[in-house]
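Colleague: File follows, target_19.tsv with TSV, C-alpha atoms and all ligand atoms:
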chain	number	residue	atom	x	y	z
A	27	MET	CA	31.56	7.89	7.16
A	28	GLN	CA	31.33	4.08	6.86
A	29	LYS	CA	29.64	2.58	9.90
A	30	SER	CA	30.79	-0.63	11.48
A	31	GLN	CA	29.09	-3.79	10.18
A	32	THR	CA	30.77	-6.24	12.50
A	33	THR	CA	28.35	-6.54	15.46
A	34	SER	CA	25.70	-9.27	15.35
A	35	GLN	CA	22.92	-6.68	15.78
A	36	PRO	CA	23.67	-3.39	13.99
A	37	PRO	CA	22.84	-0.33	16.14
A	38	PHE	CA	20.65	1.09	13.41
A	39	VAL	CA	19.19	-0.10	10.15
A	40	THR	CA	18.57	2.74	7.71
A	41	ILE	CA	16.52	2.13	4.57
A	42	LEU	CA	15.74	4.42	1.65
A	43	GLY	CA	12.35	3.72	0.05
A	44	ILE	CA	11.24	4.83	-3.42
A	45	GLU	CA	7.66	4.74	-4.68
A	46	SER	CA	6.83	5.54	-8.31
A	47	SER	CA	4.18	3.03	-9.40
A	48	CYS	CA	1.38	5.50	-10.11
A	49	ASP	CA	1.01	9.28	-9.78
A	50	GLU	CA	2.87	9.99	-6.54
A	51	THR	CA	6.63	10.36	-6.58
A	52	ALA	CA	7.50	9.54	-3.00
A	53	LEU	CA	10.70	8.85	-1.09
A	54	ALA	CA	11.34	8.16	2.57
A	55	ILE	CA	14.23	7.23	4.80
A	56	ILE	CA	13.42	5.22	7.90
A	57	ARG	CA	15.71	4.12	10.68
A	58	GLN	CA	15.21	1.38	13.22
A	59	SER	CA	17.29	0.82	16.28
A	60	GLY	CA	18.42	-2.80	16.53
A	61	SER	CA	17.23	-2.96	20.11
A	62	SER	CA	14.02	-0.91	20.04
A	63	LYS	CA	10.83	-2.60	21.23
A	64	PRO	CA	8.22	-2.52	19.89
A	65	GLU	CA	10.06	-2.17	16.64
A	66	ILE	CA	8.56	1.04	15.33
A	67	PRO	CA	11.03	2.79	13.05
A	68	GLU	CA	11.73	6.49	13.00
A	69	ILE	CA	10.96	8.29	9.75
A	70	ILE	CA	14.00	10.54	9.35
A	71	GLY	CA	13.18	11.87	5.90
A	72	GLU	CA	10.06	12.01	3.81
A	73	VAL	CA	9.19	13.75	0.54
A	74	LEU	CA	6.22	13.40	-1.79
A	75	TYR	CA	5.39	15.05	-5.07
A	76	SER	CA	1.82	14.58	-6.25
A	77	GLN	CA	1.44	14.67	-10.03
A	78	ILE	CA	-2.28	15.34	-9.78
A	79	GLU	CA	-2.14	18.73	-11.57
A	80	ALA	CA	-0.39	17.19	-14.57
A	81	HIS	CA	-3.04	14.48	-14.95
A	82	SER	CA	-6.15	16.47	-14.03
A	83	PRO	CA	-6.80	17.91	-17.53
A	84	TYR	CA	-7.08	14.31	-18.83
A	85	GLY	CA	-9.45	13.11	-16.11
A	86	GLY	CA	-7.18	10.22	-15.13
A	87	VAL	CA	-3.54	9.18	-14.76
A	88	VAL	CA	-1.70	9.26	-18.13
A	89	PRO	CA	1.12	6.66	-17.98
A	90	GLU	CA	3.52	8.57	-20.25
A	91	ILE	CA	3.10	11.80	-18.26
A	92	ALA	CA	3.52	9.87	-15.01
A	93	ALA	CA	6.78	8.21	-16.13
A	94	ARG	CA	8.26	11.50	-17.31
A	95	ALA	CA	7.25	13.28	-14.10
A	96	HIS	CA	8.89	10.55	-11.99
A	97	ALA	CA	12.08	10.86	-14.08
A	98	GLU	CA	12.14	14.63	-13.61
A	99	ARG	CA	11.34	14.63	-9.90
A	100	ILE	CA	13.14	11.69	-8.32
A	101	PRO	CA	16.66	13.20	-8.54
A	102	LEU	CA	15.44	16.47	-6.99
A	103	LEU	CA	13.53	14.67	-4.25
A	104	LEU	CA	16.50	12.42	-3.56
A	105	SER	CA	18.73	15.40	-3.03
A	106	GLU	CA	16.06	17.03	-0.82
A	107	ILE	CA	15.53	13.96	1.36
A	108	MET	CA	19.24	13.40	1.96
A	109	THR	CA	19.50	16.96	3.26
A	110	GLN	CA	16.35	16.55	5.34
A	111	ALA	CA	17.59	13.31	6.94
A	112	ASN	CA	21.08	14.77	7.28
A	113	ILE	CA	22.82	11.60	6.13
A	114	ASN	CA	24.88	10.49	3.16
A	115	PHE	CA	24.60	7.35	1.06
A	116	SER	CA	27.14	5.45	3.14
A	117	ASP	CA	24.72	5.69	6.09
A	118	ILE	CA	22.02	3.81	4.15
A	119	ASP	CA	21.93	0.02	4.56
A	120	ALA	CA	19.69	-0.83	1.61
A	121	ILE	CA	17.55	0.71	-1.11
A	122	ALA	CA	13.98	-0.48	-1.34
A	123	THR	CA	11.91	0.36	-4.39
A	124	THR	CA	8.52	-0.55	-5.80
A	125	SER	CA	9.15	-3.06	-8.58
A	126	GLU	CA	5.56	-4.20	-9.19
A	127	PRO	CA	2.60	-3.94	-9.84
A	128	GLY	CA	1.63	-0.61	-11.41
A	129	LEU	CA	2.34	1.63	-14.39
A	130	ILE	CA	5.45	0.12	-15.89
A	131	GLY	CA	7.09	3.38	-17.05
A	132	GLY	CA	7.02	4.88	-13.58
A	133	ILE	CA	8.14	1.67	-11.91
A	134	LEU	CA	11.11	1.43	-14.30
A	135	VAL	CA	12.20	4.95	-13.40
A	136	GLY	CA	12.19	4.23	-9.64
A	137	LEU	CA	13.77	0.82	-10.09
A	138	MET	CA	16.60	2.19	-12.23
A	139	VAL	CA	17.35	4.96	-9.73
A	140	ALA	CA	17.43	2.34	-6.95
A	141	LYS	CA	19.70	0.06	-8.97
A	142	GLY	CA	21.99	2.99	-9.76
A	143	ILE	CA	22.37	3.88	-6.07
A	144	ALA	CA	22.85	0.21	-5.17
A	145	VAL	CA	25.65	-0.21	-7.71
A	146	ALA	CA	27.35	3.11	-7.08
A	147	HIS	CA	27.33	2.74	-3.28
A	148	GLN	CA	27.55	-1.05	-3.03
A	149	LYS	CA	24.27	-1.38	-1.17
A	150	PRO	CA	21.69	-4.16	-1.35
A	151	LEU	CA	18.66	-3.65	-3.56
A	152	ILE	CA	15.28	-4.73	-2.18
A	153	CYS	CA	12.43	-4.91	-4.68
A	154	ILE	CA	9.02	-4.43	-3.12
A	155	ASN	CA	5.60	-5.44	-4.28
A	156	HIS	CA	3.57	-2.24	-3.91
A	157	LEU	CA	0.70	-4.27	-2.43
A	158	GLU	CA	3.05	-5.59	0.23
A	159	GLY	CA	3.89	-1.97	1.03
A	160	HIS	CA	0.20	-1.31	1.70
A	161	ALA	CA	-0.24	-4.64	3.51
A	162	LEU	CA	2.54	-3.89	6.00
A	163	SER	CA	1.78	-0.16	6.32
A	164	PRO	CA	-0.04	-0.47	9.69
A	165	ARG	CA	3.21	-1.80	11.22
A	166	LEU	CA	5.09	1.32	10.13
A	167	THR	CA	3.61	3.39	12.93
A	168	ASP	CA	2.03	0.88	15.33
A	169	ASP	CA	2.69	-2.44	16.95
A	170	VAL	CA	0.34	-4.60	14.85
A	171	PRO	CA	1.40	-8.25	15.28
A	172	PHE	CA	0.97	-11.00	12.68
A	173	PRO	CA	-1.35	-12.55	11.67
A	174	TYR	CA	-4.04	-10.04	10.77
A	175	LEU	CA	-6.98	-9.82	8.44
A	176	LEU	CA	-6.47	-7.16	5.79
A	177	LEU	CA	-8.86	-5.28	3.53
A	178	LEU	CA	-6.60	-3.74	0.90
A	179	ALA	CA	-8.62	-1.16	-1.01
A	180	SER	CA	-6.77	1.13	-3.40
A	181	GLY	CA	-7.15	2.59	-6.88
A	182	GLY	CA	-5.91	-0.55	-8.61
A	183	HIS	CA	-6.81	-3.33	-6.17
A	184	CYS	CA	-9.49	-4.51	-3.79
A	185	GLN	CA	-8.56	-7.65	-1.92
A	186	ILE	CA	-9.04	-9.39	1.39
A	187	LEU	CA	-5.98	-11.23	2.66
A	188	ILE	CA	-4.64	-12.88	5.75
A	189	VAL	CA	-1.23	-11.40	6.46
A	190	TYR	CA	0.68	-14.19	8.25
A	191	ASP	CA	4.16	-12.72	7.88
A	192	ILE	CA	6.43	-10.98	5.39
A	193	ASP	CA	6.08	-12.82	2.09
A	194	HIS	CA	3.29	-14.96	3.50
A	195	TYR	CA	-0.14	-13.86	2.40
A	196	GLU	CA	-3.33	-15.78	1.80
A	197	LEU	CA	-5.82	-14.27	-0.60
A	198	LEU	CA	-9.39	-14.79	0.63
A	199	GLY	CA	-11.16	-12.73	-2.00
A	200	SER	CA	-10.81	-9.89	-4.47
A	201	THR	CA	-12.77	-7.76	-6.88
A	202	ILE	CA	-13.96	-9.45	-10.02
A	203	ASP	CA	-14.01	-6.15	-11.95
A	204	ASP	CA	-13.23	-2.61	-10.71
A	205	ALA	CA	-11.25	-1.75	-7.59
A	206	ALA	CA	-13.04	0.27	-4.90
A	207	GLY	CA	-10.86	3.35	-5.43
A	208	GLU	CA	-11.44	3.07	-9.17
A	209	ALA	CA	-15.21	3.13	-8.52
A	210	PHE	CA	-14.81	6.28	-6.39
A	211	ASP	CA	-12.73	7.85	-9.17
A	212	LYS	CA	-15.26	6.93	-11.87
A	213	VAL	CA	-18.20	8.29	-9.88
A	214	ALA	CA	-16.24	11.52	-9.28
A	215	LYS	CA	-15.58	11.75	-13.00
A	216	ILE	CA	-19.26	11.20	-13.87
A	217	LEU	CA	-20.19	13.96	-11.41
A	218	GLU	CA	-17.30	16.15	-12.64
A	219	LEU	CA	-15.83	16.50	-9.15
A	220	GLY	CA	-12.20	16.49	-10.31
A	221	MET	CA	-9.22	14.44	-9.19
A	222	PRO	CA	-8.49	12.68	-6.92
A	223	GLY	CA	-12.00	11.25	-6.94
A	224	GLY	CA	-12.15	9.49	-3.57
A	225	PRO	CA	-11.55	12.54	-1.34
A	226	ALA	CA	-13.91	14.66	-3.51
A	227	VAL	CA	-16.75	12.13	-3.15
A	228	GLU	CA	-16.12	11.79	0.58
A	229	LYS	CA	-16.17	15.57	1.07
A	230	LEU	CA	-19.48	16.02	-0.76
A	231	ALA	CA	-20.99	12.96	0.94
A	232	LEU	CA	-20.55	14.71	4.30
A	233	GLU	CA	-23.43	17.00	3.34
A	234	GLY	CA	-25.64	14.25	1.89
A	235	ASN	CA	-28.16	11.67	3.00
A	236	PRO	CA	-26.89	8.11	2.35
A	237	GLN	CA	-30.45	6.71	2.18
A	238	THR	CA	-31.58	8.94	-0.73
A	239	TYR	CA	-30.75	6.84	-3.78
A	240	PRO	CA	-31.24	3.07	-3.83
A	241	LEU	CA	-28.03	1.52	-5.16
A	242	PRO	CA	-27.15	-2.18	-5.46
A	243	ARG	CA	-24.80	-4.05	-3.11
A	244	PRO	CA	-23.15	-6.39	-5.66
A	245	LEU	CA	-22.34	-9.92	-4.40
A	246	LYS	CA	-23.88	-9.19	-0.98
A	247	GLY	CA	-24.81	-12.43	0.78
A	248	THR	CA	-22.56	-14.68	-1.32
A	249	ASP	CA	-20.31	-17.00	0.65
A	250	THR	CA	-16.87	-16.07	-0.71
A	251	PRO	CA	-15.58	-12.59	0.13
A	252	ASN	CA	-15.27	-11.20	-3.39
A	253	PHE	CA	-16.30	-7.75	-4.62
A	254	SER	CA	-17.82	-6.27	-7.74
A	255	PHE	CA	-18.00	-2.50	-8.15
A	256	SER	CA	-18.57	-1.89	-11.84
A	257	GLY	CA	-22.36	-2.41	-11.52
A	258	LEU	CA	-22.44	0.16	-8.74
A	259	LYS	CA	-20.83	2.75	-10.98
A	260	THR	CA	-23.29	1.89	-13.78
A	261	ALA	CA	-26.19	2.28	-11.31
A	262	VAL	CA	-24.94	5.79	-10.47
A	263	MET	CA	-24.89	6.62	-14.19
A	264	ARG	CA	-28.43	5.29	-14.57
A	265	ILE	CA	-29.67	7.53	-11.76
A	266	LEU	CA	-28.19	10.52	-13.57
A	267	GLU	CA	-29.83	9.46	-16.84
A	268	THR	CA	-33.26	8.83	-15.33
A	269	HIS	CA	-33.57	11.83	-13.00
A	270	ASN	CA	-34.09	15.39	-14.19
A	271	THR	CA	-32.35	16.79	-11.16
A	272	ILE	CA	-30.18	15.05	-8.66
A	273	ASN	CA	-28.63	16.11	-5.41
A	274	GLN	CA	-24.91	15.43	-5.85
A	275	ALA	CA	-24.23	15.29	-2.12
A	276	ASP	CA	-27.00	12.73	-1.60
A	277	LEU	CA	-25.73	10.68	-4.54
A	278	CYS	CA	-22.16	10.71	-3.20
A	279	ALA	CA	-23.39	9.74	0.27
A	280	SER	CA	-25.56	6.93	-1.16
A	281	PHE	CA	-22.67	5.62	-3.26
A	282	GLN	CA	-20.17	5.76	-0.37
A	283	ASN	CA	-22.67	3.98	1.86
A	284	ALA	CA	-23.16	1.25	-0.77
A	285	VAL	CA	-19.38	0.66	-1.01
A	286	SER	CA	-19.18	0.62	2.78
A	287	ASP	CA	-22.04	-1.91	3.02
A	288	CYS	CA	-20.25	-4.18	0.53
A	289	PHE	CA	-17.10	-3.97	2.66
A	290	ILE	CA	-19.01	-4.77	5.85
A	291	ASP	CA	-20.86	-7.73	4.32
A	292	ARG	CA	-17.69	-9.22	2.76
A	293	MET	CA	-15.56	-8.63	5.85
A	294	GLN	CA	-18.02	-10.58	8.01
A	295	ILE	CA	-17.41	-13.62	5.81
A	296	ALA	CA	-13.68	-12.92	5.87
A	297	MET	CA	-13.65	-12.76	9.68
A	298	GLN	CA	-15.22	-16.23	9.85
A	299	LEU	CA	-12.58	-17.52	7.42
A	300	PHE	CA	-9.81	-15.84	9.41
A	301	THR	CA	-10.99	-17.56	12.59
A	302	GLN	CA	-11.32	-20.94	10.84
A	303	LYS	CA	-7.85	-20.71	9.29
A	304	THR	CA	-5.91	-19.24	12.21
A	305	GLY	CA	-7.91	-20.49	15.19
A	306	ILE	CA	-7.97	-16.88	16.47
A	307	GLN	CA	-11.44	-15.79	17.67
A	308	SER	CA	-10.76	-12.11	18.33
A	309	GLY	CA	-8.29	-11.16	15.67
A	310	ILE	CA	-6.90	-7.91	14.32
A	311	CYS	CA	-8.62	-6.42	11.29
A	312	VAL	CA	-6.78	-3.84	9.21
A	313	VAL	CA	-7.86	-1.61	6.34
A	314	ALA	CA	-5.09	-0.20	4.15
A	315	GLY	CA	-4.66	1.43	0.73
A	316	GLY	CA	-6.00	4.75	-0.55
A	317	VAL	CA	-9.67	4.02	0.23
A	318	ALA	CA	-8.69	3.39	3.86
A	319	ALA	CA	-8.26	7.18	4.11
A	320	ASN	CA	-12.08	7.44	3.96
A	321	GLN	CA	-13.35	8.35	7.45
A	322	TYR	CA	-16.88	7.05	6.85
A	323	ILE	CA	-15.57	3.64	5.77
A	324	ARG	CA	-13.07	3.51	8.63
A	325	GLY	CA	-15.89	4.28	11.08
A	326	LYS	CA	-18.15	1.56	9.68
A	327	LEU	CA	-15.37	-1.04	9.75
A	328	ASP	CA	-14.51	-0.04	13.31
A	329	GLN	CA	-18.16	-0.59	14.32
A	330	LEU	CA	-18.16	-4.01	12.66
A	331	CYS	CA	-14.98	-4.99	14.51
A	332	GLN	CA	-16.47	-3.92	17.84
A	333	LYS	CA	-19.55	-6.04	17.11
A	334	LYS	CA	-17.48	-9.08	16.12
A	335	GLY	CA	-14.82	-8.81	18.83
A	336	PHE	CA	-12.03	-7.92	16.41
A	337	THR	CA	-9.54	-5.11	17.01
A	338	PHE	CA	-9.71	-2.53	14.26
A	339	HIS	CA	-6.65	-0.84	12.88
A	340	ALA	CA	-6.00	1.61	10.04
A	341	PRO	CA	-2.74	3.41	9.25
A	342	PRO	CA	-2.60	7.19	9.69
A	343	MET	CA	-4.28	8.86	6.69
A	344	LYS	CA	-1.03	9.92	5.01
A	345	TYR	CA	0.16	6.30	4.97
A	346	CYS	CA	-3.07	4.97	3.43
A	347	THR	CA	-2.43	6.59	0.06
A	348	ASP	CA	0.83	5.91	-1.79
A	349	ASN	CA	3.94	6.97	0.10
A	350	GLY	CA	7.62	6.20	0.32
A	351	ALA	CA	7.66	5.21	4.01
A	352	MET	CA	5.60	2.07	3.47
A	353	ILE	CA	8.05	0.93	0.78
A	354	ALA	CA	11.01	1.69	3.04
A	355	TYR	CA	9.28	-0.24	5.86
A	356	ALA	CA	8.64	-3.30	3.68
A	357	GLY	CA	12.32	-3.03	2.74
A	358	LEU	CA	13.30	-2.93	6.41
A	359	GLU	CA	11.31	-6.08	7.19
A	360	ARG	CA	12.98	-7.87	4.27
A	361	TYR	CA	16.42	-6.52	5.18
A	362	LYS	CA	16.12	-7.98	8.67
A	363	ARG	CA	15.34	-11.37	7.16
A	364	GLY	CA	18.14	-11.10	4.61
A	365	ILE	CA	15.79	-11.13	1.63
A	366	PHE	CA	17.38	-9.16	-1.22
A	367	SER	CA	16.87	-8.77	-4.95
A	368	PRO	CA	19.29	-9.31	-7.81
A	369	LEU	CA	20.46	-6.29	-9.82
A	370	ASP	CA	18.76	-7.66	-12.92
A	371	TYR	CA	15.36	-7.84	-11.18
A	372	ALA	CA	12.69	-7.04	-13.78
A	373	ALA	CA	9.82	-4.59	-13.21
A	374	LYS	CA	6.34	-6.05	-13.55
A	375	ALA	CA	3.06	-4.34	-14.39
A	376	ARG	CA	1.08	-7.14	-12.73
A	377	SER	CA	2.03	-9.09	-9.67
A	378	PRO	CA	-0.51	-10.54	-7.26
A	379	LEU	CA	0.44	-10.63	-3.63
A	380	GLY	CA	1.34	-14.01	-2.24
A	381	THR	CA	3.23	-15.58	-5.11
A	382	ARG	CA	6.67	-14.66	-3.77
A	383	GLY	CA	6.24	-16.65	-0.59
A	384	SER	CA	7.27	-19.86	-2.30
A	385	PRO	CA	10.29	-21.75	-0.96
A	386	LEU	CA	11.93	-21.25	-4.40
A	387	ALA	CA	11.56	-17.45	-4.23
A	388	LEU	CA	12.99	-17.39	-0.71
A	389	ALA	CA	15.92	-19.60	-1.75
A	390	GLN	CA	16.65	-17.22	-4.66
A	391	ALA	CA	16.54	-14.21	-2.35
A	392	HIS	CA	18.96	-15.89	0.06
A	393	ALA	CA	21.28	-16.71	-2.82
A	394	VAL	CA	21.38	-12.98	-3.57
A	395	ARG	CA	22.18	-12.29	0.09
A	396	ASP	CA	25.11	-14.70	-0.09
A	397	GLN	CA	26.41	-12.98	-3.23
A	398	LEU	CA	26.18	-9.61	-1.48
A	399	ILE	CA	28.06	-10.89	1.54
A	400	LYS	CA	30.84	-12.00	-0.81
A	401	ALA	CA	30.88	-8.71	-2.70
A	402	ILE	CA	30.51	-6.14	0.09
A	403	PRO	CA	33.38	-5.73	2.56
A	404	ASN	CA	32.51	-6.19	6.26
A	405	LEU	CA	29.04	-7.56	5.51
A	406	SER	CA	28.23	-10.91	7.06
A	407	GLU	CA	25.20	-13.08	7.74
A	408	ASP	CA	25.25	-11.66	11.29
A	409	ASN	CA	24.04	-8.38	9.87
A	410	PHE	CA	20.72	-9.98	9.07
A	411	ALA	CA	18.45	-11.05	11.87
A	501	LIG	O1	-3.26	3.41	-2.59
A	501	LIG	P1	-3.46	4.52	-3.55
A	501	LIG	O2	-2.87	5.88	-3.20
A	501	LIG	O3	-2.93	4.16	-4.97
A	501	LIG	C1	-3.05	2.88	-5.51
A	501	LIG	O4	-2.23	2.02	-5.13
A	501	LIG	O5	-3.98	2.71	-6.29
A	501	LIG	O6	-5.04	4.65	-3.74
A	501	LIG	C2	-5.57	5.66	-4.56
A	501	LIG	C3	-7.06	5.44	-4.60
A	501	LIG	C4	-7.76	6.36	-5.58
A	501	LIG	O7	-8.67	5.62	-6.32
A	501	LIG	C5	-8.43	7.37	-4.67
A	501	LIG	O8	-9.60	7.93	-5.24
A	501	LIG	C6	-8.74	6.52	-3.47
A	501	LIG	O9	-7.62	5.70	-3.30
A	501	LIG	N1	-8.94	7.35	-2.28
A	501	LIG	C7	-10.10	7.43	-1.60
A	501	LIG	C8	-9.90	8.40	-0.59
A	501	LIG	N2	-8.61	8.85	-0.68
A	501	LIG	C9	-8.04	8.20	-1.73
A	501	LIG	N3	-11.26	6.79	-1.77
A	501	LIG	C10	-12.27	7.09	-0.92
A	501	LIG	N4	-12.16	8.03	0.05
A	501	LIG	C11	-11.00	8.70	0.25
A	501	LIG	N5	-10.90	9.62	1.20
A	502	ZN	ZN	-1.09	2.13	-3.66
Turn the structure described in the file into structure tokens.
Modeller:
Amino acid sequence: MQKSQTTSQPPFVTILGIESSCDETALAIIRQSGSSKPEIPEIIGEVLYSQIEAHSPYGGVVPEIAARAHAERIPLLLSEIMTQANINFSDIDAIATTSEPGLIGGILVGLMVAKGIAVAHQKPLICINHLEGHALSPRLTDDVPFPYLLLLASGGHCQILIVYDIDHYELLGSTIDDAAGEAFDKVAKILELGMPGGPAVEKLALEGNPQTYPLPRPLKGTDTPNFSFSGLKTAVMRILETHNTINQADLCASFQNAVSDCFIDRMQIAMQLFTQKTGIQSGICVVAGGVAANQYIRGKLDQLCQKKGFTFHAPPMKYCTDNGAMIAYAGLERYKRGIFSPLDYAAKARSPLGTRGSPLALAQAHAVRDQLIKAIPNLSEDNFA
């Protein structure tokens, strides 16, 4: 059934999101009522296939295996999610997919599926920067207004940004070597805790004493909010080499506490910068990305926010790690602003957040919108808020 596209505010916007940039094959369908306030969408379908078992024997994500697994799973998951949401393709307003950054093979699989659906069903394509998916994830389930300070800590990235709006990010600092999640994964590998490393380290740390092993706090006290985690991982290795016996739980707790201390120290600097740049004294501070699922780190950041007069926010655990709903949500935000992607949009392995906010990028996206309006019957500029 084709729904009417003639009113200035469509009754519902329905977006399919596809995530395939690493080792989770994830799809979601979200729906937002044009009049709902606050604008929290309903997640009407959600499926996720974790490839962890396929990668575990290799001790890390193998790009070739990941790409093949995405290619095998996406069609099955797509069929499953359409049944779950009880809709057909004509009910979907746009297809959002991760186009960057990440493992290129997997991204290409998701992007090609999205392009195929867009062409076959004459729907707009919306390419999403995976980091933007994480950056906007708190708004998927809660009313978190712009601007906010964001600690984005995942397996591939560790950055502090000010999120001013969709497509408007200011990078305050980032890691100069390993990402925080990567450090968790490497420590888990050294201790042979299996994959995924972060949850395994956190679980063991629950039984340990964080004060047992002295570990460095790289870059602590410096005046720009950057991170460095590779020295921390090396320090963990050195403890193993220099001690006859170690208590794994104590080592995990000490490591987790060191990462947390680095976050706290760097976020204090970032909060000052946030206030200077926005003029907001008591801002909102968000942690997102896989590492944000860590309860100890969430607790410590919450304490810091209380001390500094900031409001702390973290997405529900399942939306910290990679998921389809955050991609669908980023797609929804772009859809409402009429920001679309051309069908020849190229996947990218690297793509820092913030570069697409240029006036040129926005003008190109609006040019695509105008082409779509010409090509798709009943679609007009009124359909985009
Ligand atoms: O955001 P994400 O799912 O994928 C990327 O975009 O990278 O993050 C995955 C990373 C992995 O490094 C994983 O070990 C880490 O997040 N992670 C955690 C926890 N859960 C996942 N790190 C610490 N504690 C956790 N509970
Ligand atoms: Zn991610």
Colleague: As a PyMOL selection string, please: every protein or nucleic acid residue near ligand ZN 502 (chain A) (cut-off 7 Å, counting all atoms listed in the file).
Modeller: chain A and resi 156-157+160+180-181+315-316+347-348
Colleague: With all atoms listed in the file counted, collect every polymer residue having an atom within 7 Å of ligand LIG 501 (chain A); state the result as a PyMOL selection string.
Modeller: chain A and resi 48+180-183+207-208+210-211+222-225+227-228+315-321+346-348
Colleague: Can you work out the spacing between atom CA of Thr250 of chain A and atom CA of Ile306 of chain A in Å, to one decimal?
Modeller: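 So the answer is 19.4 Å.
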Colleague: Would you compute the distance between atom CA of Ala93 of chain A and atom CA of Lys259 of chain A? Give it in Å to one decimal.
Modeller: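 Interatomic distance, atom CA of Ala93 of chain A to atom CA of Lys259 of chain A: 28.6 Å.
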Colleague: Ranking A:Thr123, A:Asn114, A:Thr51, A:Gln58 by minimum distance to Arg99 of chain A and counting all atoms listed in the file, which one comes first?
Modeller: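 For Arg99 of chain A, the nearest of the candidates is A:Thr51.
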Colleague: I need the residue nearest Ala226 of chain A from this list: A:Ala279, A:Asn155, A:Thr337, A:Asp249. Use only C-alpha atoms for the distance.
Modeller: A:Ala279
Colleague: Using only C-alpha atoms, which of A:Gly43, A:Gly199, A:Gly364, A:Pro171 sits nearest Gly136 of chain A?
Modeller: A:Gly43
Colleague: Could you please give me, as JSON, numbers by chain, the residues of protein, DNA or RNA lying at most 9 Å from (5.3, 1.0, -16.3) in the coordinate frame of the file, considering only C-alpha atoms?
Modeller: {"A": [47, 48, 89, 90, 93, 126, 127, 128, 129, 130, 131, 132, 133, 134, 135, 373, 374, 375]}
Colleague: Enter the distance from atom CA of Gly159 of chain A to atom CA of Leu398 of chain A, in Å, rounded to one decimal.
Modeller: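 According to the coordinates, atom CA of Gly159 of chain A and atom CA of Leu398 of chain A are separated by 23.7 Å.
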Colleague: What lies within 8 Å of segment 70-85 of chain A using only C-alpha atoms, ignoring chain neighbours under 3 positions off, as number ranges by chain?
Modeller: A: 49-57, 88, 91-92, 95, 99, 103, 106-108, 110-111, 215, 220-222, 349-351
Colleague: I need the residue nearest Leu217 of chain A from this list: A:Phe289, A:Ala205, A:Leu405, A:Leu266. Use all atoms listed in the file for the distance.
Modeller: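 Among A:Phe289, A:Ala205, A:Leu405, A:Leu266, it is A:Leu266 that comes nearest to Leu217 of chain A.
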Colleague: Specify the axis-aligned box that encloses all atoms of segment 77-94 of chain A listed in the file after padding of 3 Å on each side, stating its centre and edge lengths in Å to one decimal as lines of an AutoDock Vina configuration file.
Modeller:
center_x = -0.6
center_y = 12.7
center_z = -15.0
size_x = 23.7
size_y = 18.1
size_z = 16.5
Colleague: Select, from A:Gly357, A:Pro164, A:Pro101, A:Gly142, the residue with the minimum atom-to-atom distance to Leu176 of chain A, counting all atoms listed in the file.
Modeller: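 Smallest separation from Leu176 of chain A among the options: A:Pro164.
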Colleague: Given all atoms listed in the file as the basis, pick out the residue of A:Ser116, A:Ser59, A:Gln329, A:Gln237 nearest to Lys149 of chain A.
Modeller: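 With all atoms listed in the file as the atom set, the closest residue is A:Ser116.
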Colleague: Just want the 12 Å neighbourhood of Ala261 of chain A, counted on all atoms listed in the file, with same-chain residues fewer than 2 positions away dropped. Output as a PyMOL selection string.
Modeller: chain A and resi 209+212-213+216+239-244+255-259+263-268+277+280-281+284
Colleague: Using all atoms listed in the file, collect all residues at a distance of at most 9 Å from (-10.2, -12.9, 21.1) as written in the file, then present them as a list in words.
Modeller: Ile306, Gln307, Ser308, Gly309, Gly335, Phe336 and Thr337 of chain A
